[in-house]
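K.L.:
Have a look at the structure that comes next, please.
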Amino acid sequence: PGNHPRPVPGTDFDAVAPNKLDRVSIPEGYDQHVVIRWGDAVVPGAPKFDFRKQTAAAQAEQFGYNNDFVGLIPQDSLGLRNLLVVNHEYTTEVHLFPADQYDPANPTEEQVKIAWAAHGLSVVQTLRDPIGGGLRTMASPLNRRITLDTVFEVRGPAAGSKYLKTSADPSGKRVRGTQNNCSGGVTPWGTVLSGEENFHQYFAHAEQVTDPVQAARLKRYVIGTGESTRKWERFDKRWDVAREPNEPNRFGWVVEIDPNDPHSTPIKHTALGRFKHEAANVKITADGRVAVYSGDDERFEYIYKFVSKGKYKKGTSALARRHNSALLDDGTLYVAKFTGDSPAAEIDGTGKLPTDGEFDGAGEWLPLASGNKSFVDGFSAEEVYVFTRQAADKAGATKMDRPEDIEPNPVNGRIYAALTNNTDRGAAGKAGVDEANPRVANKNGHVLEWEEARGDSASTRFAWRLLLVCGDPATADTYFGGFPKSQVSPISCPDNVAFDPHGNLWISTDGNTLGANDGLFSVPVSGPERGHVKQFLSVPVGAETCGPVVTDHLVLVAVQHPGENAASSANPSSHWPDGGTTQPRPAIVSVWRKGRFGLAGRIGVR
Ligand code: FEO
Ligand code: CA
Ligand code: CA
Ligand code: CA
């Protein structure tokens, strides 16, 4: 794709060509460096990383594995000092350990404990170099690791529920740890929300639960049967559903971390429902309440919204943080229903636009529960919050093509959601196409945009349309907001979304099916350049692109699971970032304009 005559501020750079290189490729005139990688010190004084001699104690003080969400909590008005908050989604033990030390059938207890410590989140003090542009980590008392051993407080309407009680926690209010934290969001009050996503995979033996109601609930969440891949149940019975049937109900929540208070107890907010939360992002309603958007990332799952009862208090003081965090414990949980405005016969599954020229229509937020009141027949409010998927089935929500990150655009106020893919759409016995999910066997995903009625996130009605139907622009089944397809970068499997200060959407991808590595893409959402997708960077072999954060002067991405396509660490497919013959290490990368400072050094402005 060449340069357009009148590029939109924030997207004026030369697109990176799709490639399969084992490096982070960035546009001409930009520079990059690795901010922090798996094994680097987080807690000051953490032991130096040694791939062959790792310990759980060391990992608990070092940067964890498989970084996904990246958030910056500003600590000054210039944007130079920030707390960097990163999620560590999951472990791949065959890459976490040297091949000659790890037997997947028989992990050692220490290896299992290393994996527990490699999950969770990291909080790291950073300084942006005003000259060189990159982000550097610093030793600080605010630096913190949260792992599968960190105690969380359960709050909201399902705290203390009979469904959350276990032998280790008869109160049902204190959970040890968080896992599979995928993406997240920084709140206006300066905390981080993080989604517990594919929590099901850590559990074993759900098939041994015989009570039919309980078994159906476990099945609806695809809780693991037989032995688990990681065999954690051998070292802690809580991962064995036959012995602790309620433990899976203690994951699948939105958690909140207060990075400014390293001694704070992190929170699980049950009012936001329990499902495979990709992320959670906040928008303040017209009357000052807090709305939170979240997608459930599995095929044919739903998009949700929570609206608080109480009103937001502006600011990031400890008082404001406490007040606003408590708002997430009482409100109304909704699920989305999408209706198309074109005749069903015109949505033929090929991705061909209907005669009105757009995949679009109206939407409705269906209430599931509010405080202790349920709106779903046959479900108590407690059951709505803990078994949210089943309540949403009953309510008649629209089954989507894997809802990933959802984020409000701070410039135009609209909401954007990545629907990453769903190759089962239209398959035998599965749901067929609808206007919001218009392609059968959707392997490249699409991006949805909606506007709440009156622009107010408290509204229960909205208007929606597809911004992008992703894939190879040379094929007829793609759509780029009406922009000429000959000028756009190919894009596949949108996952995380973010906005630059100009209101352009930035999309990171996971699982590119077009034969090149994953990457980060910008796309203006209004004016003549709407839909002009441009690739800003690509990540190394086997990696997905996460984060991202795009400020005036900095782009941050998380490079997750480089080299994961290799069978084990014996034959790495990637040696990024350390090069040579080293094993790959997930890491955070910062990118900035080379040799340009202040206003001249803005991202995507020439
Ligand atoms: Fe962890 Fe939905 O990606
Ligand atoms: Ca239409
Ligand atoms: Ca994701
Ligand atoms: Ca992903």
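Chain labels A, B, ... are given in the sequence in which chains occur in the structure tokens; within each chain residues are numbered consecutively from 1, and ligands are likewise numbered from 1 in the order shown.
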Please check which protein, DNA or RNA residues sit within 9 Å of ligand 2, counting only C-alpha atoms and all ligand atoms, and write them as a PyMOL selection string.

P.N.:
chain A and resi 340-343+346-347+353-361+435+465

K.L.:
Name each residue within 6 Å of ligand 1, counting only C-alpha atoms and all ligand atoms, as a PyMOL selection string.

P.N.:
chain A and resi 182+278+297+404

K.L.:
Name each residue within 10 Å of ligand 3, counting only C-alpha atoms and all ligand atoms, as a VMD selection string.

P.N.:
chain A and resid 68 to 69 89 181 to 184 195 197 277 to 279 297 403 to 405 418 420 494 to 497 508 to 510 544 to 547

K.L.:
Would you save the residues of that selection, restricted to C-alpha atoms, as a PDB file, in the first residue's frame?

P.N.:
ATOM      1  CA  ASP A  68      -0.910 -10.056  26.637  1.00  0.00           C
ATOM      2  CA  PHE A  69      -2.570  -6.875  27.981  1.00  0.00           C
ATOM      3  CA  GLU A  89      -1.947 -15.117  30.132  1.00  0.00           C
ATOM      4  CA  ASN A 181      -5.541 -13.060  32.124  1.00  0.00           C
ATOM      5  CA  CYS A 182      -5.931 -12.086  28.519  1.00  0.00           C
ATOM      6  CA  SER A 183      -6.560  -8.459  27.729  1.00  0.00           C
ATOM      7  CA  GLY A 184      -7.881  -5.708  29.966  1.00  0.00           C
ATOM      8  CA  GLY A 195     -10.205 -10.598  32.034  1.00  0.00           C
ATOM      9  CA  GLU A 197     -10.302 -15.875  29.883  1.00  0.00           C
ATOM     10  CA  HIS A 277     -13.677 -12.504  29.631  1.00  0.00           C
ATOM     11  CA  GLU A 278     -11.316 -11.305  26.959  1.00  0.00           C
ATOM     12  CA  ALA A 279     -11.007  -7.894  28.588  1.00  0.00           C
ATOM     13  CA  ASP A 297     -14.077 -15.215  23.688  1.00  0.00           C
ATOM     14  CA  PRO A 403     -15.792 -11.574  20.831  1.00  0.00           C
ATOM     15  CA  GLU A 404     -12.310 -10.360  21.741  1.00  0.00           C
ATOM     16  CA  ASP A 405     -11.336  -6.884  22.872  1.00  0.00           C
ATOM     17  CA  ALA A 418     -12.876  -7.382  17.450  1.00  0.00           C
ATOM     18  CA  THR A 420     -11.485 -12.717  15.780  1.00  0.00           C
ATOM     19  CA  PRO A 494      -8.270  -9.046  14.893  1.00  0.00           C
ATOM     20  CA  ASP A 495      -7.747  -9.544  18.630  1.00  0.00           C
ATOM     21  CA  ASN A 496      -6.857  -6.476  20.691  1.00  0.00           C
ATOM     22  CA  VAL A 497      -7.989  -2.926  19.913  1.00  0.00           C
ATOM     23  CA  SER A 508      -3.370  -6.266  16.868  1.00  0.00           C
ATOM     24  CA  THR A 509      -3.832  -9.720  15.375  1.00  0.00           C
ATOM     25  CA  ASP A 510      -3.532 -13.314  16.547  1.00  0.00           C
ATOM     26  CA  GLU A 544       0.747 -13.012  18.300  1.00  0.00           C
ATOM     27  CA  THR A 545       0.635  -9.247  18.717  1.00  0.00           C
ATOM     28  CA  CYS A 546      -0.920  -7.994  21.964  1.00  0.00           C
ATOM     29  CA  GLY A 547      -1.181  -4.796  23.947  1.00  0.00           C
TER      30      GLY A 547
END

K.L.:
Show me, as JSON, numbers by chain, the residues that have an atom within 10 Å of range 221-238 of chain A when counting only C-alpha atoms, minus same-chain residues fewer than 4 positions from it.

P.N.:
{"A": [91, 92, 93, 104, 105, 106, 107, 108, 109, 110, 111, 112, 113, 115, 116, 166, 167, 168, 198, 199, 200, 201, 202, 203, 204, 205, 206, 207, 208, 209, 215, 216, 217, 242, 243, 244, 245, 246, 247, 248, 249, 252, 274, 275, 276, 298, 387, 388, 389, 390]}

K.L.:
I need the residues from that last selection saved to file as a compact mmCIF listing (two decimals), in the first residue's frame (with C-alpha atoms), if you can.

P.N.:
# COMPACT_ATOMS: atom_id res chain seq x y z
CA THR A 91 2.28 -21.01 30.10
CA THR A 92 3.42 -23.40 27.39
CA GLU A 93 5.53 -25.78 29.43
CA PRO A 104 4.94 -33.41 29.83
CA ALA A 105 3.54 -36.65 31.30
CA ASN A 106 5.36 -36.14 34.60
CA PRO A 107 6.08 -32.54 35.51
CA THR A 108 7.87 -32.02 38.80
CA GLU A 109 6.25 -30.10 41.64
CA GLU A 110 8.80 -27.31 41.24
CA GLN A 111 7.99 -27.03 37.52
CA VAL A 112 4.28 -26.76 38.31
CA LYS A 113 5.02 -24.07 40.88
CA ALA A 115 4.15 -22.19 36.01
CA TRP A 116 1.89 -20.84 38.80
CA THR A 166 -14.53 -24.70 48.67
CA SER A 167 -12.78 -26.66 51.41
CA ALA A 168 -9.89 -24.18 51.34
CA ASN A 198 -9.65 -19.57 29.13
CA PHE A 199 -9.68 -20.68 32.76
CA HIS A 200 -11.29 -24.02 31.87
CA GLN A 201 -8.07 -25.57 30.58
CA TYR A 202 -6.43 -25.76 34.02
CA PHE A 203 -9.04 -28.10 35.48
CA ALA A 204 -9.25 -31.90 35.42
CA HIS A 205 -11.89 -34.60 35.76
CA ALA A 206 -15.14 -32.65 35.20
CA GLU A 207 -16.50 -35.91 33.72
CA GLN A 208 -16.56 -37.37 37.26
CA VAL A 209 -19.20 -34.87 38.40
CA ALA A 215 -22.40 -31.37 34.98
CA ALA A 216 -24.32 -29.19 32.50
CA ARG A 217 -22.82 -26.05 34.02
CA ALA A 242 -14.08 -34.23 41.14
CA ARG A 243 -12.61 -33.18 44.49
CA GLU A 244 -13.35 -29.42 44.44
CA PRO A 245 -16.36 -28.97 42.14
CA ASN A 246 -16.75 -25.25 42.91
CA GLU A 247 -13.16 -24.21 42.19
CA PRO A 248 -13.87 -23.46 38.48
CA ASN A 249 -16.58 -21.02 39.63
CA GLY A 252 -13.78 -16.45 34.79
CA ARG A 274 -18.64 -15.06 34.84
CA PHE A 275 -17.52 -16.11 31.38
CA LYS A 276 -14.30 -16.22 29.35
CA GLU A 298 -15.30 -18.52 22.44
CA PHE A 387 -23.50 -19.18 35.27
CA THR A 388 -23.82 -16.15 33.03
CA ARG A 389 -23.50 -18.08 29.77
CA GLN A 390 -26.59 -20.15 30.49

K.L.:
Each residue of range 536-588 of chain A lying at most 10 Å from range 23-41 of chain A should get a row with its shortest atom-to-atom pair and the distance in Å to one decimal, counting only C-alpha atoms; could you produce that, ordered by chain and increasing number, as a Markdown table?

P.N.:
| residue | atom | partner | partner_atom | distance |
| --- | --- | --- | --- | --- |
| A:Phe536 | CA | A:Ile26 | CA | 6.3 |
| A:Leu537 | CA | A:Ile26 | CA | 4.7 |
| A:Ser538 | CA | A:Ser25 | CA | 5.2 |
| A:Val539 | CA | A:Val24 | CA | 4.6 |
| A:Pro540 | CA | A:Arg23 | CA | 4.5 |
| A:Val541 | CA | A:Arg23 | CA | 7.5 |
| A:Leu554 | CA | A:Gln32 | CA | 9.7 |
| A:Val555 | CA | A:Gln32 | CA | 9.2 |
| A:Leu556 | CA | A:Val35 | CA | 9.0 |
| A:Val557 | CA | A:Val34 | CA | 9.8 |
| A:Ala558 | CA | A:Arg37 | CA | 9.5 |
| A:Val559 | CA | A:Val24 | CA | 8.8 |
| A:Pro562 | CA | A:Arg23 | CA | 9.7 |
| A:Ser574 | CA | A:Arg23 | CA | 8.8 |
| A:His575 | CA | A:Arg23 | CA | 8.9 |
| A:Trp576 | CA | A:Arg23 | CA | 6.5 |
| A:Pro577 | CA | A:Arg23 | CA | 7.6 |
| A:Asp578 | CA | A:Arg37 | CA | 9.8 |
| A:Gly579 | CA | A:Arg23 | CA | 9.5 |
| A:Pro584 | CA | A:Trp38 | CA | 9.3 |
| A:Arg585 | CA | A:Trp38 | CA | 5.6 |
| A:Pro586 | CA | A:Trp38 | CA | 5.6 |
| A:Ala587 | CA | A:Arg37 | CA | 4.0 |
| A:Ile588 | CA | A:Val35 | CA | 5.5 |

K.L.:
Taking only range 342-576 of chain A into account, list the residues labelled strand (DSSP E or B) by DSSP (computed from the backbone), as a PyMOL selection string.

P.N.:
chain A and resi 350+360-370+373-374+400-401+403-408+415-419+422+434+437+439+442+446-452+461-469+471+479-480+491+494-499+505-509+519-523+534-538+544-550+555-560

K.L.:
Here is a test: counting only C-alpha atoms and all ligand atoms, which residue of A:Leu419, A:Ile491, A:Ala441, A:Val175 is nearest to ligand 4?

P.N.:
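Between A:Leu419, A:Ile491, A:Ala441, A:Val175, the residue approaching ligand 4 most closely is A:Leu419.
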
K.L.:
Quick one: of A:Gly580, A:Gly511, A:Gly542, A:Gly134, who's nearest to Lys594 in chain A, counting only C-alpha atoms?

P.N.:
A:Gly134
